[in-house]
Amino acid sequence: MTMKHEKHKNLYSIKIVLFLTLFTVHCSLLFAISLDETLNTLSSISRNQTVQFRWDPLFRDGIFNVGENYSTFSVASKAGETGYLIFNNQELFNVSLPYSENGRIVFPDSFVSTLKNTFTRLHENDMSRFRVAAIIIDPGHGGRDPGAVGNLSVNGRNTQIFEKDIVLKVALDLRNRLIQAYPDKRILMTRDSDIYRTLEQRTDMANAVTVKDNESIIFISIHANFARNTDARGYEVWHIKSGTQRPLLDTSIQGNYSPDILAILDRMLNEEFNTESKLLANSIINGFGREFGASLPSRGIRENDWFVVRNSRMPAVLVELGFLSNRQDALLMTNNDGLQKLTQSLYNGIVDFIGIFER
């Protein structure tokens, strides 16, 4: 081959490379998507998941959160640059990076497709793993049943305080916090106003909630204590007695197995729910401890076959916030700041348990 031909070949190759580079940049510009459009695309994965975007203009790092999953990446200074898109610090993709254009960030179509496809797969994996799908909050008493009644004197003024009112305030606040934290879970209450519910109605409502095979429900009954000894104070959490056996299996499956197999399955389910109830009780006790420290005594975890705990076919606990018969506890439970701290304690415990259960 002559030098002339070699020169023409090199020029031809340079033209091809230049054409492909310009074509790539042109396509990146042509198929670029705005931030709002990208967020809308990710929101379509699931209506129940929160979608967020943050970026650091100094380091030019960006992050998308879709539910509990996240992706990180760098923002390029111009179209056509490639780099890594990383999911949950575990999966890595080499993609065309987002870039700055007229003071805003735009996203190549291929980048958004990788985002959507991967977040969709991660969401489907999350939905197939064991998860808490519903949380039942049971404010004790209500309506014609006031529960414990205390008398509190402040600045010479005597006030009657009712357990039913205190636990309802805490339960409503707790529900709102959990709805905010878990838009993909059902947050249900046995009562959300001053109405009377029998114990049977409360457990029937809880047991009527349907979930998938890989999903669970937890039940938290909220109460306030009372004692003749006015020095008694502090919080406590109750779960079912160790070794208690109750019928838990769905009656619809009983015709499919022999009595011996049904007994084994029922015993296994009892052990599972009893163990998870203890874990839930422990998480809530720890949640109170973190919030109050030594300022409010812990009376620990206790066992009793309370009706709502025994008859709820799921992990279940009964929480006593404090003693209406004790002045310090009563002041705490009638003060807005105190009620918020009690609610935060319950919230902390529930979140901790869900984290353990689901991971």
# chains A, B, ... in the order shown; residues from 1 in each chain; ligands from 1
>>> select_by_dssp(residues="segment 74-105 of chain A", states="strand (DSSP E or B)", output="PyMOL selection string")
chain A and resi 74+76+82-87+91-96+99-101+104-105
>>> select_by_dssp(residues="segment 164-332 of chain A", states="alpha helix (DSSP H)", output="ChimeraX atom specification")
/A:164-181,199-207,259-292,307-311,327-332
>>> residues_around(residues="Leu174 of chain A", least_positions_apart="4", cutoff="9 Å", atoms="only C-alpha atoms", output="ChimeraX atom specification")
/A:137,169-170,178-179,343-344,346-347
>>> write_last_selection(atoms="N, CA and C atoms", output="PDB file, in the first residue's frame")
ATOM      1  N   ILE A 137     -52.717  -0.963  65.205  1.00  0.00           N
ATOM      2  CA  ILE A 137     -52.563  -0.190  66.438  1.00  0.00           C
ATOM      3  C   ILE A 137     -53.896  -0.252  67.184  1.00  0.00           C
ATOM      4  N   LYS A 169     -54.651   9.504  71.799  1.00  0.00           N
ATOM      5  CA  LYS A 169     -53.756  10.547  71.293  1.00  0.00           C
ATOM      6  C   LYS A 169     -52.430   9.953  70.822  1.00  0.00           C
ATOM      7  N   VAL A 170     -51.865   9.065  71.628  1.00  0.00           N
ATOM      8  CA  VAL A 170     -50.600   8.436  71.257  1.00  0.00           C
ATOM      9  C   VAL A 170     -50.776   7.595  69.994  1.00  0.00           C
ATOM     10  N   LEU A 178     -46.067   6.411  61.256  1.00  0.00           N
ATOM     11  CA  LEU A 178     -45.824   5.168  60.523  1.00  0.00           C
ATOM     12  C   LEU A 178     -46.274   5.271  59.068  1.00  0.00           C
ATOM     13  N   ILE A 179     -47.368   5.985  58.825  1.00  0.00           N
ATOM     14  CA  ILE A 179     -47.818   6.207  57.445  1.00  0.00           C
ATOM     15  C   ILE A 179     -46.748   6.969  56.669  1.00  0.00           C
ATOM     16  N   THR A 343     -44.815   8.504  72.149  1.00  0.00           N
ATOM     17  CA  THR A 343     -45.090   8.064  70.779  1.00  0.00           C
ATOM     18  C   THR A 343     -43.798   7.728  70.053  1.00  0.00           C
ATOM     19  N   GLN A 344     -42.784   8.574  70.214  1.00  0.00           N
ATOM     20  CA  GLN A 344     -41.503   8.327  69.563  1.00  0.00           C
ATOM     21  C   GLN A 344     -40.881   7.034  70.047  1.00  0.00           C
ATOM     22  N   LEU A 346     -42.481   4.295  71.049  1.00  0.00           N
ATOM     23  CA  LEU A 346     -43.180   3.206  70.352  1.00  0.00           C
ATOM     24  C   LEU A 346     -42.735   3.126  68.899  1.00  0.00           C
ATOM     25  N   TYR A 347     -42.661   4.269  68.262  1.00  0.00           N
ATOM     26  CA  TYR A 347     -42.239   4.327  66.857  1.00  0.00           C
ATOM     27  C   TYR A 347     -40.842   3.731  66.686  1.00  0.00           C
TER      28      TYR A 347
END
>>> atom_distance(atom1="atom CA of Ser295 of chain A", atom2="atom CA of Asn176 of chain A")
26.0 Å
>>> residues_around(residues="segment 102-109 of chain A", least_positions_apart="3", cutoff="7 Å", atoms="only C-alpha atoms", output="number ranges by chain")
A: 28, 31-35, 96-99, 112-113
>>> write_last_selection(atoms="N, CA, C and O atoms", output="JSON list (two decimals), in the first residue's frame")
[["chain", "number", "residue", "atom", "x", "y", "z"],
["A", 28, "SER", "N", -27.38, 11.96, 22.39],
["A", 28, "SER", "CA", -27.51, 12.26, 23.81],
["A", 28, "SER", "C", -28.34, 13.52, 24.01],
["A", 28, "SER", "O", -29.13, 13.62, 24.94],
["A", 31, "PHE", "N", -32.09, 12.65, 22.87],
["A", 31, "PHE", "CA", -32.86, 11.78, 23.75],
["A", 31, "PHE", "C", -32.54, 12.07, 25.22],
["A", 31, "PHE", "O", -32.35, 11.18, 26.02],
["A", 32, "ALA", "N", -32.43, 13.35, 25.57],
["A", 32, "ALA", "CA", -32.21, 13.75, 26.96],
["A", 32, "ALA", "C", -33.54, 14.04, 27.62],
["A", 32, "ALA", "O", -34.49, 14.53, 26.99],
["A", 33, "ILE", "N", -33.62, 13.72, 28.91],
["A", 33, "ILE", "CA", -34.88, 13.81, 29.66],
["A", 33, "ILE", "C", -34.65, 14.73, 30.85],
["A", 33, "ILE", "O", -33.60, 14.71, 31.49],
["A", 34, "SER", "N", -35.65, 15.55, 31.18],
["A", 34, "SER", "CA", -35.53, 16.47, 32.29],
["A", 34, "SER", "C", -35.63, 15.72, 33.62],
["A", 34, "SER", "O", -36.04, 14.55, 33.67],
["A", 35, "LEU", "N", -35.27, 16.42, 34.70],
["A", 35, "LEU", "CA", -35.34, 15.82, 36.03],
["A", 35, "LEU", "C", -36.78, 15.46, 36.39],
["A", 35, "LEU", "O", -37.04, 14.37, 36.90],
["A", 96, "SER", "N", -24.11, 6.26, 29.89],
["A", 96, "SER", "CA", -23.97, 7.67, 29.55],
["A", 96, "SER", "C", -24.48, 8.49, 30.73],
["A", 96, "SER", "O", -25.60, 8.30, 31.18],
["A", 97, "LEU", "N", -23.65, 9.39, 31.22],
["A", 97, "LEU", "CA", -23.97, 10.10, 32.46],
["A", 97, "LEU", "C", -24.88, 11.29, 32.20],
["A", 97, "LEU", "O", -24.88, 11.88, 31.11],
["A", 98, "PRO", "N", -25.66, 11.68, 33.22],
["A", 98, "PRO", "CA", -26.36, 12.97, 33.16],
["A", 98, "PRO", "C", -25.34, 14.10, 33.03],
["A", 98, "PRO", "O", -24.18, 13.94, 33.43],
["A", 99, "TYR", "N", -25.77, 15.23, 32.50],
["A", 99, "TYR", "CA", -24.84, 16.33, 32.29],
["A", 99, "TYR", "C", -25.55, 17.67, 32.52],
["A", 99, "TYR", "O", -26.79, 17.75, 32.54],
["A", 112, "VAL", "N", -31.84, 6.73, 32.05],
["A", 112, "VAL", "CA", -33.15, 6.61, 32.70],
["A", 112, "VAL", "C", -33.70, 5.19, 32.56],
["A", 112, "VAL", "O", -34.29, 4.64, 33.50],
["A", 113, "SER", "N", -33.48, 4.57, 31.39],
["A", 113, "SER", "CA", -33.93, 3.18, 31.21],
["A", 113, "SER", "C", -33.24, 2.24, 32.18],
["A", 113, "SER", "O", -33.88, 1.36, 32.77]]
>>> residues_around(residues="Val149 of chain A", least_positions_apart="6", cutoff="9 Å", atoms="only C-alpha atoms", output="count of residues only")
8
>>> residues_around(residues="segment 270-274 of chain A", least_positions_apart="6", cutoff="8 Å", atoms="only C-alpha atoms", output="list in words")
His239, Ile240, Ser242, Gly243, Thr244, Gln245, Arg246, Leu248, Arg313, Met314 and Pro315 of chain A
>>> atom_distance(atom1="atom CA of Ala263 of chain A", atom2="atom CA of Lys241 of chain A")
19.2 Å
>>> residues_around(residues="Leu152 of chain A", least_positions_apart="3", cutoff="8 Å", atoms="only C-alpha atoms", output="ChimeraX atom specification")
/A:158-161,327,330-331
>>> atom_distance(atom1="atom CA of Asn348 of chain A", atom2="atom CA of Asn282 of chain A")
11.4 Å
>>> closest_residue(among="A:Gly156, A:Pro139, A:Pro183, A:Gly80", to="Ala171 of chain A", atoms="only C-alpha atoms")
A:Pro139
>>> closest_atom_pairs(of="segment 264-333 of chain A", to="segment 353-357 of chain A", cutoff="7 Å", atoms="only C-alpha atoms", output="Markdown table")
| residue | atom | partner | partner_atom | distance |
| --- | --- | --- | --- | --- |
| A:Leu279 | CA | A:Phe353 | CA | 7.0 |
| A:Leu280 | CA | A:Phe353 | CA | 5.7 |
| A:Ser283 | CA | A:Phe353 | CA | 5.8 |
>>> closest_residue(among="A:Glu303, A:Asp36, A:Glu91, A:Glu124", to="Glu236 of chain A", atoms="only C-alpha atoms")
A:Glu303
>>> closest_residue(among="A:Thr114, A:Gly140, A:Gln180, A:Arg157", to="Gly67 of chain A", atoms="only C-alpha atoms")
A:Gln180
>>> closest_residue(among="A:Leu249, A:Val95, A:Asn69, A:Val167", to="Arg121 of chain A", atoms="only C-alpha atoms")
A:Asn69
>>> decode(residues="segment 181-195 of chain A", atoms="all heavy atoms", output="mmCIF file, in the first residue's frame")
data_model
loop_
_atom_site.group_PDB
_atom_site.id
_atom_site.type_symbol
_atom_site.label_atom_id
_atom_site.label_comp_id
_atom_site.auth_asym_id
_atom_site.auth_seq_id
_atom_site.Cartn_x
_atom_site.Cartn_y
_atom_site.Cartn_z
ATOM 1 N N ALA A 181 -43.532 7.009 57.340
ATOM 2 C CA ALA A 181 -42.320 6.183 57.203
ATOM 3 C C ALA A 181 -42.518 5.006 56.262
ATOM 4 O O ALA A 181 -41.579 4.580 55.588
ATOM 5 C CB ALA A 181 -41.877 5.672 58.572
ATOM 6 N N TYR A 182 -43.743 4.469 56.213
ATOM 7 C CA TYR A 182 -43.996 3.244 55.442
ATOM 8 C C TYR A 182 -45.215 3.415 54.528
ATOM 9 O O TYR A 182 -46.291 2.869 54.796
ATOM 10 C CB TYR A 182 -44.234 2.057 56.379
ATOM 11 C CG TYR A 182 -43.083 1.732 57.288
ATOM 12 C CD1 TYR A 182 -43.175 1.941 58.666
ATOM 13 C CD2 TYR A 182 -41.895 1.205 56.785
ATOM 14 C CE1 TYR A 182 -42.116 1.635 59.509
ATOM 15 C CE2 TYR A 182 -40.834 0.901 57.613
ATOM 16 C CZ TYR A 182 -40.953 1.125 58.980
ATOM 17 O OH TYR A 182 -39.908 0.822 59.804
ATOM 18 N N PRO A 183 -45.074 4.186 53.448
ATOM 19 C CA PRO A 183 -46.217 4.356 52.548
ATOM 20 C C PRO A 183 -46.647 3.062 51.861
ATOM 21 O O PRO A 183 -47.752 2.982 51.317
ATOM 22 C CB PRO A 183 -45.698 5.386 51.529
ATOM 23 C CG PRO A 183 -44.208 5.298 51.605
ATOM 24 C CD PRO A 183 -43.891 4.945 53.018
ATOM 25 N N ASP A 184 -45.779 2.019 51.895
ATOM 26 C CA ASP A 184 -46.112 0.757 51.244
ATOM 27 C C ASP A 184 -46.768 -0.240 52.200
ATOM 28 O O ASP A 184 -47.087 -1.359 51.800
ATOM 29 C CB ASP A 184 -44.857 0.120 50.649
ATOM 30 C CG ASP A 184 -43.804 -0.186 51.705
ATOM 31 O OD1 ASP A 184 -43.731 0.578 52.694
ATOM 32 O OD2 ASP A 184 -43.063 -1.159 51.543
ATOM 33 N N LYS A 185 -46.989 0.154 53.459
ATOM 34 C CA LYS A 185 -47.607 -0.751 54.429
ATOM 35 C C LYS A 185 -48.980 -0.224 54.828
ATOM 36 O O LYS A 185 -49.233 0.985 54.789
ATOM 37 C CB LYS A 185 -46.728 -0.896 55.680
ATOM 38 C CG LYS A 185 -45.313 -1.409 55.396
ATOM 39 C CD LYS A 185 -44.531 -1.623 56.681
ATOM 40 C CE LYS A 185 -43.057 -1.891 56.412
ATOM 41 N NZ LYS A 185 -42.821 -3.069 55.578
ATOM 42 N N ARG A 186 -49.853 -1.142 55.266
ATOM 43 C CA ARG A 186 -51.160 -0.735 55.778
ATOM 44 C C ARG A 186 -51.031 -0.445 57.270
ATOM 45 O O ARG A 186 -50.639 -1.319 58.032
ATOM 46 C CB ARG A 186 -52.193 -1.826 55.534
ATOM 47 C CG ARG A 186 -52.666 -1.912 54.086
ATOM 48 C CD ARG A 186 -53.548 -3.118 53.859
ATOM 49 N NE ARG A 186 -52.760 -4.351 53.800
ATOM 50 C CZ ARG A 186 -53.273 -5.562 53.778
ATOM 51 N NH1 ARG A 186 -54.583 -5.735 53.834
ATOM 52 N NH2 ARG A 186 -52.485 -6.626 53.696
ATOM 53 N N ILE A 187 -51.375 0.756 57.673
ATOM 54 C CA ILE A 187 -51.357 1.153 59.075
ATOM 55 C C ILE A 187 -52.816 1.279 59.520
ATOM 56 O O ILE A 187 -53.521 2.202 59.094
ATOM 57 C CB ILE A 187 -50.602 2.484 59.302
ATOM 58 C CG1 ILE A 187 -49.279 2.501 58.512
ATOM 59 C CG2 ILE A 187 -50.385 2.710 60.774
ATOM 60 C CD1 ILE A 187 -48.292 1.417 58.902
ATOM 61 N N LEU A 188 -53.258 0.354 60.351
ATOM 62 C CA LEU A 188 -54.669 0.243 60.701
ATOM 63 C C LEU A 188 -54.868 0.448 62.198
ATOM 64 O O LEU A 188 -53.966 0.178 62.996
ATOM 65 C CB LEU A 188 -55.204 -1.129 60.292
ATOM 66 C CG LEU A 188 -54.931 -1.543 58.834
ATOM 67 C CD1 LEU A 188 -55.305 -2.993 58.613
ATOM 68 C CD2 LEU A 188 -55.693 -0.645 57.876
ATOM 69 N N MET A 189 -56.064 0.914 62.577
ATOM 70 C CA MET A 189 -56.387 1.119 63.984
ATOM 71 C C MET A 189 -57.698 0.412 64.324
ATOM 72 O O MET A 189 -58.616 0.386 63.507
ATOM 73 C CB MET A 189 -56.500 2.612 64.308
ATOM 74 C CG MET A 189 -55.199 3.376 64.133
ATOM 75 S SD MET A 189 -55.352 5.136 64.520
ATOM 76 C CE MET A 189 -55.680 5.093 66.282
ATOM 77 N N THR A 190 -57.765 -0.141 65.530
ATOM 78 C CA THR A 190 -59.021 -0.773 65.958
ATOM 79 C C THR A 190 -60.069 0.274 66.320
ATOM 80 O O THR A 190 -61.265 0.005 66.312
ATOM 81 C CB THR A 190 -58.793 -1.706 67.151
ATOM 82 O OG1 THR A 190 -58.201 -0.952 68.219
ATOM 83 C CG2 THR A 190 -57.872 -2.855 66.778
ATOM 84 N N ARG A 191 -59.626 1.466 66.658
ATOM 85 C CA ARG A 191 -60.523 2.627 66.808
ATOM 86 C C ARG A 191 -59.697 3.886 66.589
ATOM 87 O O ARG A 191 -58.536 3.962 66.990
ATOM 88 C CB ARG A 191 -61.211 2.644 68.176
ATOM 89 C CG ARG A 191 -60.292 2.913 69.367
ATOM 90 C CD ARG A 191 -61.069 2.968 70.678
ATOM 91 N NE ARG A 191 -60.213 3.286 71.814
ATOM 92 C CZ ARG A 191 -60.067 4.502 72.342
ATOM 93 N NH1 ARG A 191 -60.731 5.529 71.820
ATOM 94 N NH2 ARG A 191 -59.271 4.700 73.382
ATOM 95 N N ASP A 192 -60.292 4.875 65.934
ATOM 96 C CA ASP A 192 -59.600 6.146 65.727
ATOM 97 C C ASP A 192 -60.394 7.314 66.305
ATOM 98 O O ASP A 192 -60.154 8.474 65.967
ATOM 99 C CB ASP A 192 -59.287 6.377 64.248
ATOM 100 C CG ASP A 192 -60.529 6.355 63.380
ATOM 101 O OD1 ASP A 192 -61.657 6.317 63.946
ATOM 102 O OD2 ASP A 192 -60.391 6.377 62.147
ATOM 103 N N SER A 193 -61.356 6.989 67.174
ATOM 104 C CA SER A 193 -62.147 8.015 67.856
ATOM 105 C C SER A 193 -62.615 7.438 69.188
ATOM 106 O O SER A 193 -62.305 6.282 69.519
ATOM 107 C CB SER A 193 -63.339 8.448 66.990
ATOM 108 O OG SER A 193 -64.189 7.342 66.751
ATOM 109 N N ASP A 194 -63.355 8.212 69.933
ATOM 110 C CA ASP A 194 -63.793 7.784 71.264
ATOM 111 C C ASP A 194 -65.026 6.889 71.159
ATOM 112 O O ASP A 194 -66.145 7.284 71.493
ATOM 113 C CB ASP A 194 -64.082 9.006 72.139
ATOM 114 C CG ASP A 194 -64.403 8.622 73.579
ATOM 115 O OD1 ASP A 194 -64.031 7.505 73.998
ATOM 116 O OD2 ASP A 194 -65.046 9.431 74.278
ATOM 117 N N ILE A 195 -64.811 5.672 70.650
ATOM 118 C CA ILE A 195 -65.894 4.706 70.533
ATOM 119 C C ILE A 195 -65.524 3.435 71.291
ATOM 120 O O ILE A 195 -64.358 3.169 71.550
ATOM 121 C CB ILE A 195 -66.201 4.356 69.054
ATOM 122 C CG1 ILE A 195 -64.945 3.781 68.375
ATOM 123 C CG2 ILE A 195 -66.709 5.586 68.310
ATOM 124 C CD1 ILE A 195 -65.212 3.283 66.971
#
